[in-house]
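Data from query32.cif: mmCIF, C-alpha atoms and all ligand atoms
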data_entry
#
loop_
_atom_site.label_atom_id
_atom_site.label_comp_id
_atom_site.auth_asym_id
_atom_site.auth_seq_id
_atom_site.Cartn_x
_atom_site.Cartn_y
_atom_site.Cartn_z
CA MET A 506 0.00 0.00 0.00
CA PHE A 507 1.34 3.43 -0.89
CA SER A 508 1.05 5.49 2.27
CA HIS A 509 3.70 8.20 2.04
CA GLU A 510 2.70 11.83 1.73
CA ARG A 511 5.71 13.00 -0.19
CA ILE A 512 9.01 11.55 -1.38
CA ILE A 513 11.76 13.76 -2.71
CA ILE A 514 14.64 12.18 -4.61
CA ARG A 515 17.05 14.76 -5.81
CA ARG A 516 20.57 14.76 -7.15
CA GLY A 517 22.33 16.98 -4.64
CA PRO A 518 23.36 20.22 -6.39
CA GLU A 519 26.64 20.35 -4.43
CA SER A 520 27.45 16.64 -4.04
CA GLY A 521 25.83 14.99 -7.06
CA LEU A 522 24.67 12.27 -4.64
CA PRO A 523 21.11 10.95 -4.38
CA ILE A 524 19.41 12.87 -1.55
CA ILE A 525 16.23 11.10 -0.47
CA VAL A 526 13.70 12.63 1.90
CA ALA A 527 10.61 10.55 2.64
CA VAL A 528 7.78 12.33 4.45
CA HIS A 529 5.47 9.56 5.58
CA SER A 530 2.87 11.44 7.59
CA THR A 531 2.12 14.92 8.89
CA ALA A 532 -1.31 13.91 10.23
CA LEU A 533 -0.27 14.68 13.82
CA GLY A 534 2.11 17.53 13.00
CA GLN A 535 5.55 18.22 11.53
CA ALA A 536 7.23 15.01 10.37
CA LEU A 537 10.45 14.15 12.22
CA GLY A 538 13.18 11.67 11.39
CA GLY A 539 16.93 11.52 11.34
CA CYS A 540 19.40 11.81 8.47
CA ARG A 541 21.13 8.57 7.58
CA LEU A 542 24.40 8.64 5.67
CA ALA A 543 25.19 5.13 4.55
CA VAL A 544 26.67 3.06 1.73
CA TYR A 545 24.07 1.10 -0.27
CA PRO A 546 24.62 -1.36 -3.12
CA ASP A 547 22.26 0.80 -5.18
CA TRP A 548 20.54 4.15 -4.51
CA ALA A 549 17.19 2.37 -4.82
CA ASP A 550 18.13 0.36 -1.71
CA GLY A 551 18.55 3.68 0.08
CA LEU A 552 15.08 4.67 -1.13
CA ALA A 553 13.60 1.42 0.22
CA ASP A 554 15.30 2.11 3.55
CA ALA A 555 13.94 5.68 3.64
CA LEU A 556 10.41 4.47 2.93
CA ARG A 557 10.46 1.91 5.75
CA LEU A 558 12.31 4.09 8.24
CA SER A 559 10.02 7.08 7.69
CA ALA A 560 6.89 4.95 8.21
CA ALA A 561 8.44 3.62 11.44
CA MET A 562 8.97 7.22 12.59
CA THR A 563 5.23 7.86 12.24
CA ASP A 564 4.60 4.88 14.54
CA LYS A 565 7.34 6.02 16.91
CA CYS A 566 6.04 9.58 17.28
CA ALA A 567 2.41 8.44 17.61
CA LEU A 568 3.16 5.95 20.39
CA ALA A 569 5.47 8.43 22.12
CA GLY A 570 2.48 10.78 22.32
CA LEU A 571 4.25 13.47 20.29
CA PRO A 572 2.37 15.94 18.09
CA ASN A 573 4.53 14.85 15.16
CA GLY A 574 4.57 12.58 12.17
CA GLY A 575 7.31 10.53 10.58
CA GLY A 576 9.93 11.15 7.92
CA LYS A 577 13.52 10.18 7.16
CA THR A 578 16.44 11.38 5.10
CA VAL A 579 18.85 8.99 3.40
CA VAL A 580 21.97 9.99 1.53
CA ALA A 581 22.65 6.89 -0.54
CA LEU A 582 26.42 6.59 -0.90
CA SER A 583 28.14 4.13 -3.21
CA SER A 584 31.41 4.35 -1.25
CA PRO A 585 32.55 6.08 1.96
CA PRO A 586 32.81 9.84 1.22
CA ASP A 587 35.80 12.09 1.88
CA ASP A 588 35.26 15.10 4.14
CA ALA A 589 34.49 17.53 1.33
CA MET A 590 31.91 15.18 -0.21
CA ARG A 591 30.32 14.61 3.19
CA GLN A 592 29.98 18.36 3.78
CA ALA A 593 28.52 18.84 0.31
CA ALA A 594 26.00 16.04 0.90
CA LEU A 595 24.92 17.55 4.23
CA HIS A 596 24.51 20.97 2.58
CA ASP A 597 22.32 19.30 -0.04
CA VAL A 598 20.24 17.67 2.68
CA GLY A 599 19.69 21.10 4.24
CA THR A 600 18.67 22.58 0.90
CA VAL A 601 16.13 19.83 0.17
CA ILE A 602 14.66 20.11 3.70
CA GLU A 603 14.44 23.89 3.42
CA ASP A 604 12.54 23.51 0.13
CA LEU A 605 9.94 21.40 1.98
CA GLY A 606 8.91 24.56 3.82
CA GLY A 607 8.67 23.13 7.35
CA ILE A 608 6.63 19.96 6.91
CA TYR A 609 9.69 17.93 7.97
CA ALA A 610 12.63 18.40 10.32
CA THR A 611 15.67 16.15 10.68
CA GLY A 612 18.09 15.03 13.37
CA PRO A 613 20.98 12.60 13.72
CA ASP A 614 20.80 8.95 12.70
CA VAL A 615 23.17 6.17 11.64
CA GLY A 616 26.25 7.88 10.16
CA THR A 617 25.53 11.41 11.42
CA GLY A 618 25.95 13.30 14.68
CA PRO A 619 25.41 16.74 16.27
CA ASP A 620 28.21 18.49 14.34
CA ASP A 621 26.62 17.33 11.10
CA MET A 622 23.38 18.99 12.21
CA VAL A 623 25.26 22.31 12.24
CA THR A 624 26.26 21.72 8.63
CA ILE A 625 22.67 20.89 7.65
CA GLY A 626 21.60 23.88 9.76
CA SER A 627 23.58 26.24 7.54
CA ARG A 628 20.85 25.67 4.94
CA THR A 629 17.70 25.15 7.06
CA GLY A 630 16.37 25.78 10.56
CA ASN A 631 14.43 22.52 10.50
CA VAL A 632 17.05 20.49 12.28
CA PHE A 633 17.32 19.09 15.82
CA CYS A 634 20.26 18.02 17.97
CA ARG A 635 22.88 20.63 17.12
CA PRO A 636 25.52 20.68 19.89
CA THR A 637 24.43 22.60 23.00
CA SER A 638 27.14 25.17 22.22
CA ALA A 639 25.30 25.82 18.93
CA GLY A 640 21.90 26.15 20.60
CA GLY A 641 20.65 22.58 20.15
CA SER A 642 19.97 19.72 22.53
CA GLY A 643 23.13 17.84 21.49
CA ASP A 644 23.59 14.14 20.91
CA SER A 645 20.28 12.24 20.96
CA SER A 646 21.87 8.90 21.85
CA PRO A 647 21.86 9.37 25.67
CA GLY A 648 18.08 9.85 25.54
CA THR A 649 17.66 6.84 23.27
CA ALA A 650 19.77 4.71 25.63
CA VAL A 651 17.90 5.79 28.77
CA GLY A 652 14.57 5.10 27.03
CA THR A 653 15.85 1.68 25.98
CA VAL A 654 16.68 0.77 29.57
CA ALA A 655 13.18 1.86 30.67
CA ALA A 656 11.85 -0.46 27.94
CA LEU A 657 14.05 -3.32 29.14
CA ARG A 658 12.67 -2.96 32.66
CA ALA A 659 9.14 -3.24 31.24
CA VAL A 660 10.19 -6.32 29.28
CA CYS A 661 11.60 -7.95 32.42
CA ALA A 662 8.43 -7.07 34.35
CA ALA A 663 6.24 -8.67 31.66
CA ARG A 664 8.45 -11.71 31.14
CA PHE A 665 9.91 -12.42 34.57
CA GLY A 666 7.50 -10.67 36.93
CA SER A 667 10.00 -8.04 38.11
CA PRO A 668 11.50 -4.96 36.42
CA ALA A 669 14.85 -5.57 38.16
CA LEU A 670 17.84 -5.76 35.78
CA ASP A 671 20.23 -6.96 38.44
CA GLY A 672 21.30 -10.55 37.69
CA ARG A 673 19.42 -10.69 34.37
CA SER A 674 21.41 -11.49 31.24
CA PHE A 675 21.43 -9.44 28.05
CA ALA A 676 23.15 -9.75 24.67
CA VAL A 677 23.76 -6.28 23.22
CA LEU A 678 24.31 -6.37 19.46
CA GLY A 679 26.15 -3.25 18.39
CA LEU A 680 28.19 -0.95 20.65
CA GLY A 681 27.80 2.30 18.75
CA ARG A 682 26.62 5.60 20.20
CA VAL A 683 23.40 4.07 21.53
CA GLY A 684 24.36 0.40 22.07
CA GLY A 685 27.58 1.33 23.91
CA ARG A 686 25.58 3.47 26.35
CA VAL A 687 22.94 0.78 26.83
CA ALA A 688 25.69 -1.74 27.68
CA ARG A 689 27.18 0.67 30.26
CA LEU A 690 23.79 1.37 31.88
CA LEU A 691 22.94 -2.34 32.06
CA SER A 692 26.30 -3.16 33.57
CA GLU A 693 25.86 -0.39 36.19
CA ALA A 694 22.47 -1.94 37.03
CA GLY A 695 24.13 -5.28 37.77
CA ALA A 696 23.17 -7.15 34.59
CA LYS A 697 25.26 -9.92 33.01
CA LEU A 698 26.31 -9.02 29.47
CA VAL A 699 27.31 -10.59 26.18
CA VAL A 700 28.24 -7.91 23.63
CA ALA A 701 29.18 -7.83 19.95
CA ASP A 702 30.17 -5.33 17.31
CA VAL A 703 31.45 -5.61 13.75
CA ASP A 704 34.25 -3.21 14.76
CA PRO A 705 36.92 -5.15 16.74
CA ALA A 706 38.08 -1.89 18.39
CA ARG A 707 34.88 -1.87 20.44
CA ARG A 708 36.13 -4.87 22.37
CA ALA A 709 37.73 -2.41 24.79
CA LEU A 710 34.25 -1.41 25.97
CA ALA A 711 33.37 -5.07 26.54
CA ASP A 712 36.35 -5.37 28.89
CA GLU A 713 35.50 -2.09 30.59
CA VAL A 714 31.96 -3.22 31.48
CA GLY A 715 32.96 -6.81 32.28
CA ALA A 716 31.02 -8.25 29.33
CA THR A 717 31.71 -11.39 27.35
CA TRP A 718 32.79 -10.47 23.80
CA ALA A 719 31.13 -12.45 21.00
CA THR A 720 30.60 -12.36 17.27
CA PRO A 721 27.29 -10.74 16.18
CA ASP A 722 25.91 -14.19 15.27
CA GLU A 723 26.90 -15.69 18.62
CA ALA A 724 25.37 -12.74 20.49
CA LEU A 725 22.10 -13.01 18.56
CA THR A 726 21.72 -16.67 19.42
CA ALA A 727 23.19 -16.49 22.96
CA ALA A 728 21.30 -18.20 25.79
CA VAL A 729 20.39 -14.97 27.60
CA ASP A 730 17.20 -13.47 29.00
CA VAL A 731 16.98 -10.64 26.48
CA VAL A 732 18.65 -9.97 23.13
CA VAL A 733 19.07 -6.22 22.55
CA PRO A 734 19.51 -5.30 18.84
CA SER A 735 21.31 -1.96 18.86
CA ALA A 736 22.78 -1.59 15.39
CA LEU A 737 21.32 -1.87 11.91
CA GLY A 738 17.90 -3.33 11.14
CA GLY A 739 16.76 -6.60 9.62
CA VAL A 740 18.29 -8.95 12.24
CA LEU A 741 15.03 -10.82 12.86
CA THR A 742 14.34 -13.18 9.96
CA PRO A 743 12.59 -16.56 9.85
CA ALA A 744 16.04 -18.23 10.02
CA SER A 745 17.41 -16.13 12.89
CA VAL A 746 14.19 -16.37 14.91
CA ALA A 747 14.37 -20.18 14.66
CA ALA A 748 17.89 -20.04 16.14
CA LEU A 749 17.15 -17.69 19.07
CA ARG A 750 17.69 -18.98 22.62
CA CYS A 751 16.46 -15.91 24.54
CA SER A 752 13.13 -15.19 26.24
CA ALA A 753 12.68 -11.71 24.78
CA VAL A 754 14.05 -9.37 22.13
CA ALA A 755 14.01 -5.61 22.78
CA GLY A 756 16.44 -3.01 21.52
CA PRO A 757 16.83 0.41 19.94
CA ALA A 758 17.77 -0.67 16.38
CA ASN A 759 15.18 0.58 13.90
CA ASN A 760 13.31 -1.91 11.68
CA GLN A 761 14.47 -5.13 13.34
CA LEU A 762 11.94 -7.36 11.56
CA ASP A 763 12.77 -8.30 7.97
CA THR A 764 9.04 -8.27 7.33
CA PRO A 765 6.05 -7.62 9.66
CA SER A 766 4.98 -11.30 9.78
CA THR A 767 8.24 -12.23 11.54
CA ALA A 768 6.54 -10.86 14.69
CA ASP A 769 4.17 -13.86 14.46
CA LEU A 770 7.13 -16.27 14.34
CA LEU A 771 8.56 -14.73 17.52
CA HIS A 772 5.17 -15.03 19.20
CA ALA A 773 4.82 -18.66 18.10
CA ARG A 774 8.19 -19.42 19.70
CA GLY A 775 7.07 -17.76 22.94
CA ILE A 776 9.65 -14.99 22.59
CA LEU A 777 8.41 -11.57 23.68
CA TRP A 778 9.29 -8.89 21.09
CA ALA A 779 9.11 -5.24 22.04
CA PRO A 780 8.25 -3.16 18.94
CA ASP A 781 11.46 -1.26 18.09
CA TYR A 782 9.62 1.99 17.37
CA VAL A 783 8.53 2.07 21.03
CA VAL A 784 11.91 1.11 22.49
CA SER A 785 13.93 3.62 20.43
CA ALA A 786 11.74 6.70 20.93
CA GLY A 787 13.97 8.28 23.62
CA GLY A 788 16.07 10.32 21.19
CA VAL A 789 13.23 12.09 19.48
CA ILE A 790 11.33 12.41 22.78
CA ALA A 791 14.26 14.09 24.54
CA ALA A 792 15.21 16.33 21.59
CA THR A 793 11.68 17.69 21.15
CA ALA A 794 11.12 18.02 24.91
CA VAL A 795 14.21 20.20 25.22
CA GLU A 796 14.14 22.15 21.95
CA LEU A 797 10.40 22.67 21.42
CA ARG A 798 8.94 22.50 24.91
CA HIS A 799 11.93 23.71 26.96
CA GLU A 800 11.32 21.05 29.59
CA THR A 801 13.48 20.52 32.68
CA PRO A 802 15.77 17.48 32.99
CA ALA A 803 13.29 15.95 35.47
CA GLN A 804 10.42 16.34 32.98
CA VAL A 805 12.53 14.78 30.22
CA ALA A 806 13.47 11.87 32.52
CA ALA A 807 9.78 11.28 33.29
CA ARG A 808 8.97 11.20 29.58
CA LEU A 809 11.74 8.68 28.93
CA ASP A 810 10.48 6.54 31.77
CA GLY A 811 7.05 6.69 30.12
CA ILE A 812 8.44 4.45 27.35
CA GLY A 813 8.30 1.61 29.88
CA ASP A 814 4.65 2.41 30.69
CA THR A 815 3.69 2.48 27.00
CA LEU A 816 5.37 -0.86 26.46
CA GLY A 817 3.70 -2.31 29.56
CA ARG A 818 0.33 -1.24 28.16
CA ILE A 819 1.12 -2.86 24.81
CA PHE A 820 2.19 -6.14 26.44
CA ALA A 821 -0.94 -6.17 28.62
CA MET A 822 -3.18 -5.59 25.57
CA ALA A 823 -1.40 -8.37 23.66
CA ALA A 824 -1.73 -10.79 26.60
CA ARG A 825 -5.42 -9.95 27.00
CA ASP A 826 -6.21 -10.38 23.29
CA GLY A 827 -3.85 -13.31 22.69
CA GLY A 828 -2.17 -11.30 19.90
CA THR A 829 1.37 -10.07 19.34
CA PRO A 830 2.76 -6.84 20.78
CA SER A 831 2.97 -5.63 17.15
CA THR A 832 -0.75 -6.03 16.63
CA ALA A 833 -1.50 -4.33 19.95
CA ALA A 834 0.83 -1.44 19.08
CA ARG A 835 -0.82 -1.15 15.66
CA THR A 836 -4.23 -0.81 17.32
CA LEU A 837 -2.95 2.06 19.49
CA ILE A 838 -1.32 3.75 16.48
CA THR A 839 -4.54 3.57 14.47
CA GLN A 840 -6.41 5.12 17.39
CA ARG A 841 -3.97 8.03 17.39
CA VAL A 842 -3.16 8.59 13.72
CA GLY A 843 -6.25 7.09 12.06
N1 LIG A 901 17.54 8.89 14.78
C1 LIG A 901 16.38 9.28 15.53
C2 LIG A 901 15.35 8.13 15.49
O1 LIG A 901 15.47 7.18 14.74
C3 LIG A 901 15.76 10.46 14.89
C4 LIG A 901 15.73 11.77 15.57
C5 LIG A 901 16.34 12.06 16.77
C6 LIG A 901 15.01 12.76 14.96
C7 LIG A 901 16.23 13.28 17.32
C8 LIG A 901 14.87 13.99 15.51
C9 LIG A 901 15.50 14.25 16.71
O2 LIG A 901 14.39 8.17 16.22
#

So that I can check it, write out the structure of this file as structure tokens.
Ligand code: PHE
Amino acid sequence: MFSHERIIIRRGPESGLPIIVAVHSTALGQALGGCRLAVYPDWADGLADALRLSAAMTDKCALAGLPNGGGKTVVALSSPPDDAMRQAALHDVGTVIEDLGGIYATGPDVGTGPDDMVTIGSRTGNVFCRPTSAGGSGDSSPGTAVGTVAALRAVCAARFGSPALDGRSFAVLGLGRVGGRVARLLSEAGAKLVVADVDPARRALADEVGATWATPDEALTAAVDVVVPSALGGVLTPASVAALRCSAVAGPANNQLDTPSTADLLHARGILWAPDYVVSAGGVIAATAVELRHETPAQVAARLDGIGDTLGRIFAMAARDGGTPSTAARTLITQRVG
């Protein structure tokens, strides 16, 4: 079904690269979604990613109770860019967003960070998460990580009858800006950890937090309480779900399911899956709380904690109706967005 409001695909005037902005929905307000800078086999793969990621942002904002819709920007690279090309691409992103006249604003995502938001911001004001020194709310990953931990407490409450993390075991897949923080927070809370990253340099963090280092495949199929996907999407497939040995899967990676029906396979195996668009909402929640609503740190913390309540409600609905958390979440989204 074609459900996007507007999709812009433009050859960047400064970079010559494909700049893709997908605005999925503005039904609840300005569409929000980060800017992803990534290498794709073909630009059309970047388009497919933008379409899926922007639709997920609509779900994320709706369930986070934000007056916003979903969008996403993808710069589809064919090889890693040099600095000049990167700057040119970010300028192009700003130009395309400015041309949209305010229906969409961006923020950081895979491959971009706060400094990049300054570069985009030289062309448009519709950008979140510039560094605090430049008037923004800074890196969104601390908020995403704190929200993820609130979600993990809700998962433990639903699955094991207690929200305590102490003594529970987690496999964190991906130790990037968000996953690295999640691993630290879990370790501080007394959890047992298996961690993995495609970058061998991240092993230092594993040692620092007393985690067992594993390959991404080993971590995914580790015999732990909860697997926490914290890197790129698509890790849950019919084949990987069949190999899982955990009781639950919940993490901040966007678009974890290869296709929506994989949620049914998880349910059939008795594995509780927390919809990723609920778990990962902390970044956008914190950025908009600070930059649009000027909330205090205590108010932001309460909002991030609310992710656990939302998830608890979804799990309770699913248990009551005998359906999956995905179906329950979809019901709530339809109530909010229509
Ligand atoms: N990368 C964030 C996400 O996927 C997007 C974002 C963060 C957008 C902060 C705006 C502000 O949710």

### Query
Using all atoms listed in the file, which of the listed residues (A:Val623, A:Ala663, A:Val544, A:Leu558) sits closest to ligand LIG 901 (chain A)?
A:Leu558

### Task
Kindly indicate which residue among A:Cys661, A:Val683, A:Ala639, A:Met822 lies nearest to A:Gly787, using only C-alpha atoms for the distances.
A:Val683

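Between ligand LIG 901 (chain A) and the residues A:Arg664, A:Arg516, A:Arg682, A:His509, the shortest atom-to-atom distance, using all atoms listed in the file, involves A:Arg682.
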
### Task
List all protein, DNA and RNA residues that have any atom at most 6 Å from ligand LIG 901 (chain A), counting only C-alpha atoms and all ligand atoms, and write the list as a list of chain:residue names.
A:Leu537, A:Gly538, A:Gly539, A:Thr611, A:Gly612, A:Pro613, A:Asp614, A:Phe633, A:Ser645, A:Ala786, A:Gly788, A:Val789, A:Ala792

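Nearest residue to A:Val733, choosing from A:Ala532, A:Val677, A:Ile838, A:Ala669 and counting all atoms listed in the file: A:Val677.
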
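Between atom CA of A:Ala561 and atom CA of A:Val699 the separation is 27.8 Å.
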
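Counting all atoms listed in the file, the residue from A:Glu713, A:Val580, A:Thr829, A:Gly817 that sits nearest to A:Pro765 is A:Thr829.
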
#### Entry: Surrounding residues of A:Ile625 excluding itself and chain neighbours under 5 positions, 7 Å, all atoms listed in the file, as a VMD selection string
chain A and resid 595 to 596 598 to 599

### Summary
Expressed in Å, the length from atom CA of A:Leu809 to atom CA of A:Gly652 is 4.9 Å

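The space between atom CA of A:Pro705 and atom CA of A:Gly685 spans 13.4 Å.
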
Could you write stretch 814-827 of chain A as a short mmCIF file (atom, residue, chain, number, x, y, z; two decimals), keeping the file's coordinate frame, with N, CA and C atoms rebuilt where they are missing?
data_model
loop_
_atom_site.label_atom_id
_atom_site.label_comp_id
_atom_site.auth_asym_id
_atom_site.auth_seq_id
_atom_site.Cartn_x
_atom_site.Cartn_y
_atom_site.Cartn_z
N ASP A 814 6.11 2.51 30.47
CA ASP A 814 4.65 2.41 30.69
C ASP A 814 3.92 2.07 29.39
N THR A 815 4.32 2.75 28.30
CA THR A 815 3.69 2.48 27.00
C THR A 815 3.86 1.01 26.63
N LEU A 816 5.09 0.53 26.82
CA LEU A 816 5.37 -0.86 26.46
C LEU A 816 4.57 -1.81 27.35
N GLY A 817 4.48 -1.49 28.63
CA GLY A 817 3.70 -2.31 29.56
C GLY A 817 2.25 -2.40 29.11
N ARG A 818 1.72 -1.26 28.65
CA ARG A 818 0.33 -1.24 28.16
C ARG A 818 0.17 -2.13 26.93
N ILE A 819 1.16 -2.05 26.04
CA ILE A 819 1.12 -2.86 24.81
C ILE A 819 1.18 -4.36 25.15
N PHE A 820 2.08 -4.72 26.06
CA PHE A 820 2.19 -6.14 26.44
C PHE A 820 0.90 -6.62 27.10
N ALA A 821 0.30 -5.77 27.93
CA ALA A 821 -0.94 -6.17 28.62
C ALA A 821 -2.07 -6.36 27.60
N MET A 822 -2.15 -5.46 26.62
CA MET A 822 -3.18 -5.59 25.57
C MET A 822 -2.99 -6.88 24.79
N ALA A 823 -1.71 -7.17 24.45
CA ALA A 823 -1.40 -8.37 23.66
C ALA A 823 -1.78 -9.61 24.46
N ALA A 824 -1.44 -9.62 25.76
CA ALA A 824 -1.73 -10.79 26.60
C ALA A 824 -3.25 -10.98 26.70
N ARG A 825 -3.96 -9.87 26.85
CA ARG A 825 -5.42 -9.95 27.00
C ARG A 825 -6.07 -10.50 25.72
N ASP A 826 -5.57 -10.00 24.56
CA ASP A 826 -6.21 -10.38 23.29
C ASP A 826 -5.59 -11.63 22.67
N GLY A 827 -4.53 -12.15 23.26
CA GLY A 827 -3.85 -13.31 22.69
C GLY A 827 -3.10 -12.99 21.40
#
